[in-house]
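> My structure is in query.pdb, and what it holds is PDB, C-alpha atoms, pLDDT in the B column:
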```pdb
ATOM      1  CA  MET A 102     -24.207  -9.924   8.990  1.00 84.00           C
ATOM      2  CA  LEU A 103     -26.632  -7.709  10.891  1.00 83.00           C
ATOM      3  CA  ALA A 104     -29.573  -9.175   8.962  1.00 82.00           C
ATOM      4  CA  ALA A 105     -28.543 -12.698   9.993  1.00 84.00           C
ATOM      5  CA  VAL A 106     -28.322 -11.662  13.663  1.00 83.00           C
ATOM      6  CA  LEU A 107     -31.779 -10.081  13.477  1.00 79.00           C
ATOM      7  CA  VAL A 108     -33.277 -13.239  11.936  1.00 82.00           C
ATOM      8  CA  LEU A 109     -31.614 -15.376  14.641  1.00 83.00           C
ATOM      9  CA  MET A 110     -33.087 -13.111  17.308  1.00 82.00           C
ATOM     10  CA  ALA A 111     -36.539 -13.532  15.761  1.00 82.00           C
ATOM     11  CA  CYS A 112     -36.161 -17.343  15.958  1.00 85.00           C
ATOM     12  CA  ILE A 113     -35.567 -17.474  19.740  1.00 86.00           C
ATOM     13  CA  LYS A 114     -38.484 -19.164  21.500  1.00 85.00           C
ATOM     14  CA  ALA A 115     -40.710 -17.144  23.817  1.00 81.00           C
ATOM     15  CA  ASP A 116     -40.156 -19.547  26.757  1.00 83.00           C
ATOM     16  CA  ARG A 117     -36.390 -19.022  26.577  1.00 84.00           C
ATOM     17  CA  VAL A 118     -36.815 -15.212  26.590  1.00 81.00           C
ATOM     18  CA  ARG A 119     -39.264 -15.449  29.525  1.00 81.00           C
ATOM     19  CA  SER A 120     -36.841 -17.604  31.583  1.00 83.00           C
ATOM     20  CA  TRP A 121     -33.909 -15.254  30.849  1.00 84.00           C
ATOM     21  CA  ARG A 122     -36.022 -12.221  31.722  1.00 81.00           C
ATOM     22  CA  GLU A 123     -37.161 -13.855  34.977  1.00 82.00           C
ATOM     23  CA  SER A 124     -33.569 -14.640  35.971  1.00 85.00           C
ATOM     24  CA  VAL A 125     -32.563 -11.007  35.391  1.00 84.00           C
ATOM     25  CA  ASN A 126     -35.652  -9.409  36.955  1.00 84.00           C
ATOM     26  CA  PRO A 127     -37.884 -11.866  38.887  1.00 83.00           C
ATOM     27  CA  SER A 128     -40.474  -9.229  39.832  1.00 83.00           C
ATOM     28  CA  ALA A 129     -41.171  -8.150  36.206  1.00 79.00           C
ATOM     29  CA  PRO A 130     -44.665  -8.890  34.865  1.00 83.00           C
ATOM     30  CA  ASP A 131     -45.069 -11.723  32.350  1.00 82.00           C
ATOM     31  CA  LEU A 132     -45.065 -10.749  28.640  1.00 79.00           C
ATOM     32  CA  PRO A 133     -48.042 -11.771  26.489  1.00 85.00           C
ATOM     33  CA  ASP A 134     -47.563 -13.917  23.355  1.00 82.00           C
ATOM     34  CA  GLY A 135     -48.673 -10.950  21.187  1.00 85.00           C
ATOM     35  CA  ALA A 136     -45.568  -9.017  22.256  1.00 82.00           C
ATOM     36  CA  PHE A 137     -43.346 -11.817  20.965  1.00 79.00           C
ATOM     37  CA  VAL A 138     -45.213 -11.951  17.640  1.00 85.00           C
ATOM     38  CA  ALA A 139     -44.875  -8.189  17.200  1.00 87.00           C
ATOM     39  CA  GLY A 140     -41.178  -8.364  18.138  1.00 83.00           C
ATOM     40  CA  ARG A 141     -40.542 -11.136  15.600  1.00 85.00           C
ATOM     41  CA  ILE A 142     -42.271  -9.173  12.844  1.00 90.00           C
ATOM     42  CA  ILE A 143     -40.215  -6.067  13.660  1.00 90.00           C
ATOM     43  CA  LEU A 144     -36.954  -8.047  13.677  1.00 84.00           C
ATOM     44  CA  VAL A 145     -37.727  -9.712  10.319  1.00 87.00           C
ATOM     45  CA  VAL A 146     -38.703  -6.364   8.748  1.00 89.00           C
ATOM     46  CA  MET A 147     -35.445  -4.845  10.013  1.00 89.00           C
ATOM     47  CA  ALA A 148     -33.483  -7.780   8.536  1.00 86.00           C
ATOM     48  CA  VAL A 149     -35.170  -7.373   5.146  1.00 88.00           C
ATOM     49  CA  THR A 150     -34.491  -3.623   5.264  1.00 88.00           C
ATOM     50  CA  CYS A 151     -30.799  -4.293   5.941  1.00 81.00           C
ATOM     51  CA  VAL A 152     -30.588  -6.607   2.933  1.00 84.00           C
ATOM     52  CA  VAL A 153     -32.347  -4.144   0.613  1.00 84.00           C
ATOM     53  CA  VAL A 154     -30.200  -1.201   1.746  1.00 83.00           C
ATOM     54  CA  GLY A 155     -27.083  -3.341   1.319  1.00 78.00           C
ATOM     55  CA  PHE A 156     -27.950  -4.187  -2.280  1.00 74.00           C
ATOM     56  CA  GLN A 157     -28.747  -0.551  -3.020  1.00 74.00           C
ATOM     57  CA  GLY A 158     -25.371   0.423  -1.595  1.00 68.00           C
ATOM     58  CA  LEU A 159     -23.651  -2.057  -3.888  1.00 64.00           C
ATOM     59  CA  ALA A 160     -25.598  -0.684  -6.852  1.00 58.00           C
ATOM     60  CA  VAL A 161     -24.567   2.880  -5.984  1.00 54.00           C
ATOM     61  CA  GLN A 162     -20.941   1.814  -5.704  1.00 53.00           C
ATOM     62  CA  ASP A 163     -21.163   0.069  -9.088  1.00 52.00           C
ATOM     63  CA  ASN A 164     -22.733   3.168 -10.656  1.00 59.00           C
ATOM     64  CA  GLY A 165     -19.847   5.285  -9.345  1.00 69.00           C
ATOM     65  CA  GLU A 166     -17.196   3.378 -11.272  1.00 85.00           C
ATOM     66  CA  TRP A 167     -16.651   2.756 -14.957  1.00 87.00           C
ATOM     67  CA  SER A 168     -16.255  -0.743 -16.344  1.00 86.00           C
ATOM     68  CA  ASP A 169     -13.873  -1.471 -19.203  1.00 88.00           C
ATOM     69  CA  ASP A 170     -16.821  -2.180 -21.525  1.00 88.00           C
ATOM     70  CA  GLU A 171     -18.542   1.099 -20.622  1.00 89.00           C
ATOM     71  CA  LEU A 172     -15.355   3.087 -21.245  1.00 90.00           C
ATOM     72  CA  THR A 173     -14.662   1.270 -24.531  1.00 91.00           C
ATOM     73  CA  SER A 174     -18.152   2.016 -25.813  1.00 91.00           C
ATOM     74  CA  ALA A 175     -18.035   5.615 -24.603  1.00 92.00           C
ATOM     75  CA  VAL A 176     -14.660   6.352 -26.225  1.00 93.00           C
ATOM     76  CA  LYS A 177     -15.828   4.851 -29.546  1.00 94.00           C
ATOM     77  CA  GLY A 178     -18.983   6.987 -29.436  1.00 94.00           C
ATOM     78  CA  ALA A 179     -17.041  10.118 -28.519  1.00 94.00           C
ATOM     79  CA  THR A 180     -14.552   9.485 -31.335  1.00 95.00           C
ATOM     80  CA  ARG A 181     -17.379   9.176 -33.893  1.00 95.00           C
ATOM     81  CA  SER A 182     -18.996  12.341 -32.550  1.00 94.00           C
ATOM     82  CA  LEU A 183     -15.810  14.438 -32.534  1.00 94.00           C
ATOM     83  CA  ASP A 184     -14.460  13.208 -35.876  1.00 95.00           C
ATOM     84  CA  GLY A 185     -15.469  15.735 -38.517  1.00 92.00           C
ATOM     85  CA  SER A 186     -16.623  18.312 -35.985  1.00 93.00           C
ATOM     86  CA  PHE A 187     -15.593  21.893 -36.569  1.00 91.00           C
ATOM     87  CA  ASN A 188     -15.364  25.287 -34.956  1.00 89.00           C
ATOM     88  CA  TYR A 189     -14.699  28.832 -36.003  1.00 86.00           C
ATOM     89  CA  GLY A 190     -11.640  30.782 -35.018  1.00 83.00           C
ATOM     90  CA  ASP A 191     -11.066  34.401 -34.163  1.00 80.00           C
ATOM     91  CA  PRO A 192     -11.110  36.613 -37.279  1.00 77.00           C
ATOM     92  CA  LEU A 193      -8.275  38.726 -35.859  1.00 76.00           C
ATOM     93  CA  GLU A 194      -6.043  35.734 -34.995  1.00 77.00           C
ATOM     94  CA  GLU A 195      -6.394  33.429 -37.975  1.00 69.00           C
ATOM     95  CA  ASP A 196      -3.659  30.945 -37.062  1.00 73.00           C
ATOM     96  CA  ALA A 197      -4.175  31.000 -33.289  1.00 77.00           C
ATOM     97  CA  PRO A 198      -3.328  27.647 -31.706  1.00 79.00           C
ATOM     98  CA  ALA A 199      -6.166  25.490 -30.411  1.00 79.00           C
ATOM     99  CA  ASP A 200      -6.597  25.201 -26.648  1.00 82.00           C
ATOM    100  CA  PHE A 201      -5.878  21.472 -26.622  1.00 82.00           C
ATOM    101  CA  ASP A 202      -4.796  21.486 -22.948  1.00 81.00           C
ATOM    102  CA  GLY A 203      -7.914  23.215 -21.658  1.00 84.00           C
ATOM    103  CA  GLU A 204     -11.089  23.667 -23.659  1.00 88.00           C
ATOM    104  CA  TYR A 205     -10.700  20.720 -26.026  1.00 89.00           C
ATOM    105  CA  ALA A 206      -9.638  18.332 -23.222  1.00 90.00           C
ATOM    106  CA  ARG A 207     -12.866  19.218 -21.355  1.00 92.00           C
ATOM    107  CA  LYS A 208     -14.816  18.663 -24.567  1.00 93.00           C
ATOM    108  CA  VAL A 209     -13.300  15.166 -24.938  1.00 93.00           C
ATOM    109  CA  GLU A 210     -14.201  14.330 -21.329  1.00 92.00           C
ATOM    110  CA  GLN A 211     -17.784  15.577 -21.813  1.00 92.00           C
ATOM    111  CA  GLU A 212     -18.241  13.575 -25.014  1.00 93.00           C
ATOM    112  CA  VAL A 213     -16.981  10.388 -23.352  1.00 92.00           C
ATOM    113  CA  VAL A 214     -19.390  10.883 -20.434  1.00 90.00           C
ATOM    114  CA  GLU A 215     -22.301  11.613 -22.803  1.00 90.00           C
ATOM    115  CA  HIS A 216     -21.628   8.416 -24.765  1.00 89.00           C
ATOM    116  CA  GLY A 217     -21.251   6.294 -21.622  1.00 82.00           C
ATOM    117  CA  GLY A 218     -24.813   5.037 -21.711  1.00 73.00           C
ATOM    118  CA  GLY A 219     -27.455   4.738 -19.009  1.00 66.00           C
ATOM    119  CA  ASP A 220     -25.472   2.713 -16.443  1.00 70.00           C
ATOM    120  CA  ALA A 221     -22.180   4.572 -16.783  1.00 73.00           C
ATOM    121  CA  PRO A 222     -21.296   7.229 -14.204  1.00 79.00           C
ATOM    122  CA  GLN A 223     -21.557  10.878 -15.098  1.00 78.00           C
ATOM    123  CA  LEU A 224     -18.130  11.678 -13.623  1.00 82.00           C
ATOM    124  CA  GLY A 225     -14.675  10.215 -13.336  1.00 87.00           C
ATOM    125  CA  VAL A 226     -13.354  10.560 -16.900  1.00 91.00           C
ATOM    126  CA  ASP A 227      -9.939  12.138 -17.404  1.00 92.00           C
ATOM    127  CA  ALA A 228      -8.516  13.217 -20.768  1.00 92.00           C
ATOM    128  CA  THR A 229      -4.865  14.124 -20.213  1.00 91.00           C
ATOM    129  CA  SER A 230      -2.982  15.824 -23.016  1.00 89.00           C
ATOM    130  CA  VAL A 231       0.251  13.967 -23.785  1.00 90.00           C
ATOM    131  CA  GLY A 232       3.023  14.496 -26.270  1.00 76.00           C
ATOM    132  CA  PRO A 233       4.449  17.725 -27.641  1.00 71.00           C
ATOM    133  CA  ALA A 234       2.416  20.918 -27.566  1.00 64.00           C
ATOM    134  CA  VAL A 235       1.589  21.611 -31.212  1.00 74.00           C
ATOM    135  CA  SER A 236      -0.942  24.175 -32.447  1.00 78.00           C
ATOM    136  CA  ASP A 237      -2.771  21.839 -34.827  1.00 87.00           C
ATOM    137  CA  GLN A 238      -2.670  18.388 -33.209  1.00 90.00           C
ATOM    138  CA  ALA A 239      -2.891  16.695 -29.830  1.00 91.00           C
ATOM    139  CA  GLN A 240      -3.011  13.310 -28.178  1.00 93.00           C
ATOM    140  CA  TYR A 241      -5.071  12.451 -25.114  1.00 93.00           C
ATOM    141  CA  ARG A 242      -4.732   9.579 -22.685  1.00 95.00           C
ATOM    142  CA  ILE A 243      -8.296   8.770 -21.639  1.00 94.00           C
ATOM    143  CA  THR A 244      -8.934   6.966 -18.359  1.00 94.00           C
ATOM    144  CA  ALA A 245     -11.918   6.550 -16.050  1.00 92.00           C
ATOM    145  CA  ASN A 246     -12.395   5.690 -12.380  1.00 90.00           C
ATOM    146  CA  GLY A 247     -12.774   1.941 -11.975  1.00 87.00           C
ATOM    147  CA  ALA A 248     -11.718   0.990 -15.514  1.00 89.00           C
ATOM    148  CA  ASP A 249      -8.382  -0.741 -16.075  1.00 91.00           C
ATOM    149  CA  THR A 250      -8.308   0.092 -19.784  1.00 92.00           C
ATOM    150  CA  ALA A 251      -6.787   3.317 -21.108  1.00 94.00           C
ATOM    151  CA  PHE A 252      -7.275   4.813 -24.563  1.00 95.00           C
ATOM    152  CA  CYS A 253      -5.224   7.083 -26.768  1.00 95.00           C
ATOM    153  CA  MET A 254      -7.136   9.666 -28.807  1.00 94.00           C
ATOM    154  CA  ASP A 255      -5.404  11.478 -31.685  1.00 94.00           C
ATOM    155  CA  VAL A 256      -6.832  14.861 -32.712  1.00 94.00           C
ATOM    156  CA  LYS A 257      -5.755  16.886 -35.716  1.00 94.00           C
ATOM    157  CA  ARG A 258      -7.114  20.332 -36.557  1.00 92.00           C
ATOM    158  CA  THR A 259      -7.201  21.447 -40.195  1.00 92.00           C
ATOM    159  CA  HIS A 260      -7.927  24.948 -41.477  1.00 90.00           C
ATOM    160  CA  ASP A 261     -10.392  24.319 -44.288  1.00 88.00           C
ATOM    161  CA  GLY A 262     -11.673  27.714 -45.314  1.00 88.00           C
ATOM    162  CA  TYR A 263     -13.739  30.614 -44.112  1.00 88.00           C
ATOM    163  CA  ILE A 264     -17.313  31.481 -43.422  1.00 88.00           C
ATOM    164  CA  GLU A 265     -18.540  34.958 -44.120  1.00 87.00           C
ATOM    165  CA  THR A 266     -20.822  36.540 -41.590  1.00 85.00           C
ATOM    166  CA  VAL A 267     -21.980  39.986 -40.534  1.00 84.00           C
ATOM    167  CA  ALA A 268     -20.865  41.737 -37.370  1.00 80.00           C
ATOM    168  CA  PRO A 269     -23.843  42.935 -35.330  1.00 82.00           C
ATOM    169  CA  GLY A 270     -24.364  46.675 -35.202  1.00 76.00           C
ATOM    170  CA  LEU A 271     -22.423  47.458 -38.377  1.00 78.00           C
ATOM    171  CA  SER A 272     -23.623  47.957 -41.903  1.00 79.00           C
ATOM    172  CA  GLY A 273     -22.190  47.718 -45.396  1.00 78.00           C
ATOM    173  CA  ASP A 274     -18.692  46.438 -46.112  1.00 77.00           C
ATOM    174  CA  ALA A 275     -17.583  47.190 -42.545  1.00 74.00           C
ATOM    175  CA  ALA A 276     -19.992  44.536 -41.263  1.00 80.00           C
ATOM    176  CA  ALA A 277     -18.513  41.699 -43.383  1.00 85.00           C
ATOM    177  CA  VAL A 278     -16.359  39.370 -41.302  1.00 85.00           C
ATOM    178  CA  LYS A 279     -14.486  36.246 -42.375  1.00 87.00           C
ATOM    179  CA  LEU A 280     -14.210  33.594 -39.688  1.00 87.00           C
ATOM    180  CA  PRO A 281     -11.641  30.834 -40.182  1.00 89.00           C
ATOM    181  CA  ARG A 282     -13.187  27.365 -40.057  1.00 91.00           C
ATOM    182  CA  TYR A 283     -11.286  24.472 -38.477  1.00 90.00           C
ATOM    183  CA  THR A 284     -12.240  20.803 -38.860  1.00 94.00           C
ATOM    184  CA  PHE A 285     -11.099  18.110 -36.427  1.00 94.00           C
ATOM    185  CA  THR A 286      -9.999  14.626 -37.475  1.00 95.00           C
ATOM    186  CA  VAL A 287     -10.230  12.293 -34.484  1.00 95.00           C
ATOM    187  CA  SER A 288      -9.217   8.662 -34.021  1.00 95.00           C
ATOM    188  CA  SER A 289      -8.707   6.501 -30.948  1.00 95.00           C
ATOM    189  CA  ARG A 290      -7.145   3.194 -30.009  1.00 95.00           C
ATOM    190  CA  SER A 291      -6.842   1.063 -26.915  1.00 93.00           C
ATOM    191  CA  GLY A 292      -3.665   1.470 -24.870  1.00 89.00           C
ATOM    192  CA  ASP A 293      -1.384   4.299 -23.835  1.00 85.00           C
ATOM    193  CA  CYS A 294      -0.158   6.974 -26.214  1.00 85.00           C
TER     194      CYS A 294
END
```
What's the structure tokens form of this structure?

Amino acid sequence: MLAAVLVLMACIKADRVRSWRESVNPSAPDLPDGAFVAGRIILVVMAVTCVVVGFQGLAVQDNGEWSDDELTSAVKGATRSLDGSFNYGDPLEEDAPADFDGEYARKVEQEVVEHGGGDAPQLGVDATSVGPAVSDQAQYRITANGADTAFCMDVKRTHDGYIETVAPGLSGDAAAVKLPRYTFTVSSRSGDC
């Protein structure tokens, strides 16, 4: 709107501006034609600047929200990345429950953001744990700002053995430590859990 007003102002003839100026202030000196040319150039440059800034603002707004396609692609990529991943547990608490409400939920959110691609925002993903609290499985409802689609991600943790390692600072048999290894099976589908 402002750009259109600026262009209209640049199109007003010099004689009309001179007559208006004379009616307001009859004793004012006459303006040279060069002043009108410079004024028109400034008004057109300001109009172009308004248009460019407006388009940049729209681009920033678009980059701040997820589209359904971006979220779909990101969730598929995150599912492939998390499926088959593993971690090691505490050797003193072999059957300790996984932190599905905290640490793993943040990991899901980070993976979705990382697989969002170049145009997807780097924020705005929420992985909410739903369903019963169980030590070896969880479900997440994944949503993102701007996207209408929601996804359900199923995660199952399986204890699949041990890895032997050495505790730093100890020697001999006292240094041998067995860490439980847990593998995650992950799948996702469109829709609520």
> Expand the PyMOL selection byres ((chain A and resi 115-117) around 12) into the explicit residue set it covers here, and present it as a PyMOL selection string.
chain A and resi 110-114+118-124+131-141
> Measuring atom to atom with all atoms listed in the file, identify which of A:Pro222, A:Gly203, A:Pro130, A:Pro192 is nearest to A:Ala277.
A:Pro192
> Which of these, A:Met254, A:Leu271, A:Ile264, A:Val149, has the shortest distance to A:Asp293 once you count only C-alpha atoms?
A:Met254
> Using the chain letters and numbers from the file, which residues does the PyMOL selection byres ((chain A and resi 215) around 12) grab, as a ChimeraX atom specification?
/A:171-172,174-180,182,208-214,216-224,226
> Can you write out the residues you just picked, keeping C-alpha atoms, as an mmCIF file, in the frame of the given file?

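Heads up, here's the output in again00.cif:
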```cif
data_model
loop_
_atom_site.group_PDB
_atom_site.id
_atom_site.type_symbol
_atom_site.label_atom_id
_atom_site.label_comp_id
_atom_site.auth_asym_id
_atom_site.auth_seq_id
_atom_site.Cartn_x
_atom_site.Cartn_y
_atom_site.Cartn_z
ATOM 1 C CA GLU A 171 -18.542 1.099 -20.622
ATOM 2 C CA LEU A 172 -15.355 3.087 -21.245
ATOM 3 C CA SER A 174 -18.152 2.016 -25.813
ATOM 4 C CA ALA A 175 -18.035 5.615 -24.603
ATOM 5 C CA VAL A 176 -14.660 6.352 -26.225
ATOM 6 C CA LYS A 177 -15.828 4.851 -29.546
ATOM 7 C CA GLY A 178 -18.983 6.987 -29.436
ATOM 8 C CA ALA A 179 -17.041 10.118 -28.519
ATOM 9 C CA THR A 180 -14.552 9.485 -31.335
ATOM 10 C CA SER A 182 -18.996 12.341 -32.550
ATOM 11 C CA LYS A 208 -14.816 18.663 -24.567
ATOM 12 C CA VAL A 209 -13.300 15.166 -24.938
ATOM 13 C CA GLU A 210 -14.201 14.330 -21.329
ATOM 14 C CA GLN A 211 -17.784 15.577 -21.813
ATOM 15 C CA GLU A 212 -18.241 13.575 -25.014
ATOM 16 C CA VAL A 213 -16.981 10.388 -23.352
ATOM 17 C CA VAL A 214 -19.390 10.883 -20.434
ATOM 18 C CA HIS A 216 -21.628 8.416 -24.765
ATOM 19 C CA GLY A 217 -21.251 6.294 -21.622
ATOM 20 C CA GLY A 218 -24.813 5.037 -21.711
ATOM 21 C CA GLY A 219 -27.455 4.738 -19.009
ATOM 22 C CA ASP A 220 -25.472 2.713 -16.443
ATOM 23 C CA ALA A 221 -22.180 4.572 -16.783
ATOM 24 C CA PRO A 222 -21.296 7.229 -14.204
ATOM 25 C CA GLN A 223 -21.557 10.878 -15.098
ATOM 26 C CA LEU A 224 -18.130 11.678 -13.623
ATOM 27 C CA VAL A 226 -13.354 10.560 -16.900
#
```
> Which polymer residues have any atom within 10 Å of an atom of stretch 281-284 of chain A, counting all atoms listed in the file, with same-chain residues fewer than 4 positions away left out, as a PDB file with C-alpha atoms, in the coordinates of the input?

```
ATOM      1  CA  LEU A 183     -15.810  14.438 -32.534  1.00 94.00           C
ATOM      2  CA  ASP A 184     -14.460  13.208 -35.876  1.00 95.00           C
ATOM      3  CA  GLY A 185     -15.469  15.735 -38.517  1.00 92.00           C
ATOM      4  CA  SER A 186     -16.623  18.312 -35.985  1.00 93.00           C
ATOM      5  CA  PHE A 187     -15.593  21.893 -36.569  1.00 91.00           C
ATOM      6  CA  ASN A 188     -15.364  25.287 -34.956  1.00 89.00           C
ATOM      7  CA  TYR A 189     -14.699  28.832 -36.003  1.00 86.00           C
ATOM      8  CA  GLY A 190     -11.640  30.782 -35.018  1.00 83.00           C
ATOM      9  CA  ASP A 191     -11.066  34.401 -34.163  1.00 80.00           C
ATOM     10  CA  PRO A 192     -11.110  36.613 -37.279  1.00 77.00           C
ATOM     11  CA  LEU A 193      -8.275  38.726 -35.859  1.00 76.00           C
ATOM     12  CA  GLU A 194      -6.043  35.734 -34.995  1.00 77.00           C
ATOM     13  CA  GLU A 195      -6.394  33.429 -37.975  1.00 69.00           C
ATOM     14  CA  ASP A 196      -3.659  30.945 -37.062  1.00 73.00           C
ATOM     15  CA  ALA A 199      -6.166  25.490 -30.411  1.00 79.00           C
ATOM     16  CA  ASP A 237      -2.771  21.839 -34.827  1.00 87.00           C
ATOM     17  CA  LYS A 257      -5.755  16.886 -35.716  1.00 94.00           C
ATOM     18  CA  ARG A 258      -7.114  20.332 -36.557  1.00 92.00           C
ATOM     19  CA  THR A 259      -7.201  21.447 -40.195  1.00 92.00           C
ATOM     20  CA  HIS A 260      -7.927  24.948 -41.477  1.00 90.00           C
ATOM     21  CA  ASP A 261     -10.392  24.319 -44.288  1.00 88.00           C
ATOM     22  CA  GLY A 262     -11.673  27.714 -45.314  1.00 88.00           C
ATOM     23  CA  TYR A 263     -13.739  30.614 -44.112  1.00 88.00           C
ATOM     24  CA  ILE A 264     -17.313  31.481 -43.422  1.00 88.00           C
ATOM     25  CA  GLU A 265     -18.540  34.958 -44.120  1.00 87.00           C
TER      26      GLU A 265
END
```
> Can you turn the PyMOL selection byres ((chain A and resi 255) around 12) into a concrete residue list for this file, as a PyMOL selection string?
chain A and resi 176+180+183-184+201+206+209+228-232+237-243+252-254+256-258+285-291+293-294
> Can you tell me, as a PyMOL selection string, what residues are no more than 8 Å from A:Val108 when counting only C-alpha atoms, ignoring any on the same chain fewer than 4 positions away?
chain A and resi 104+112+144-145+148
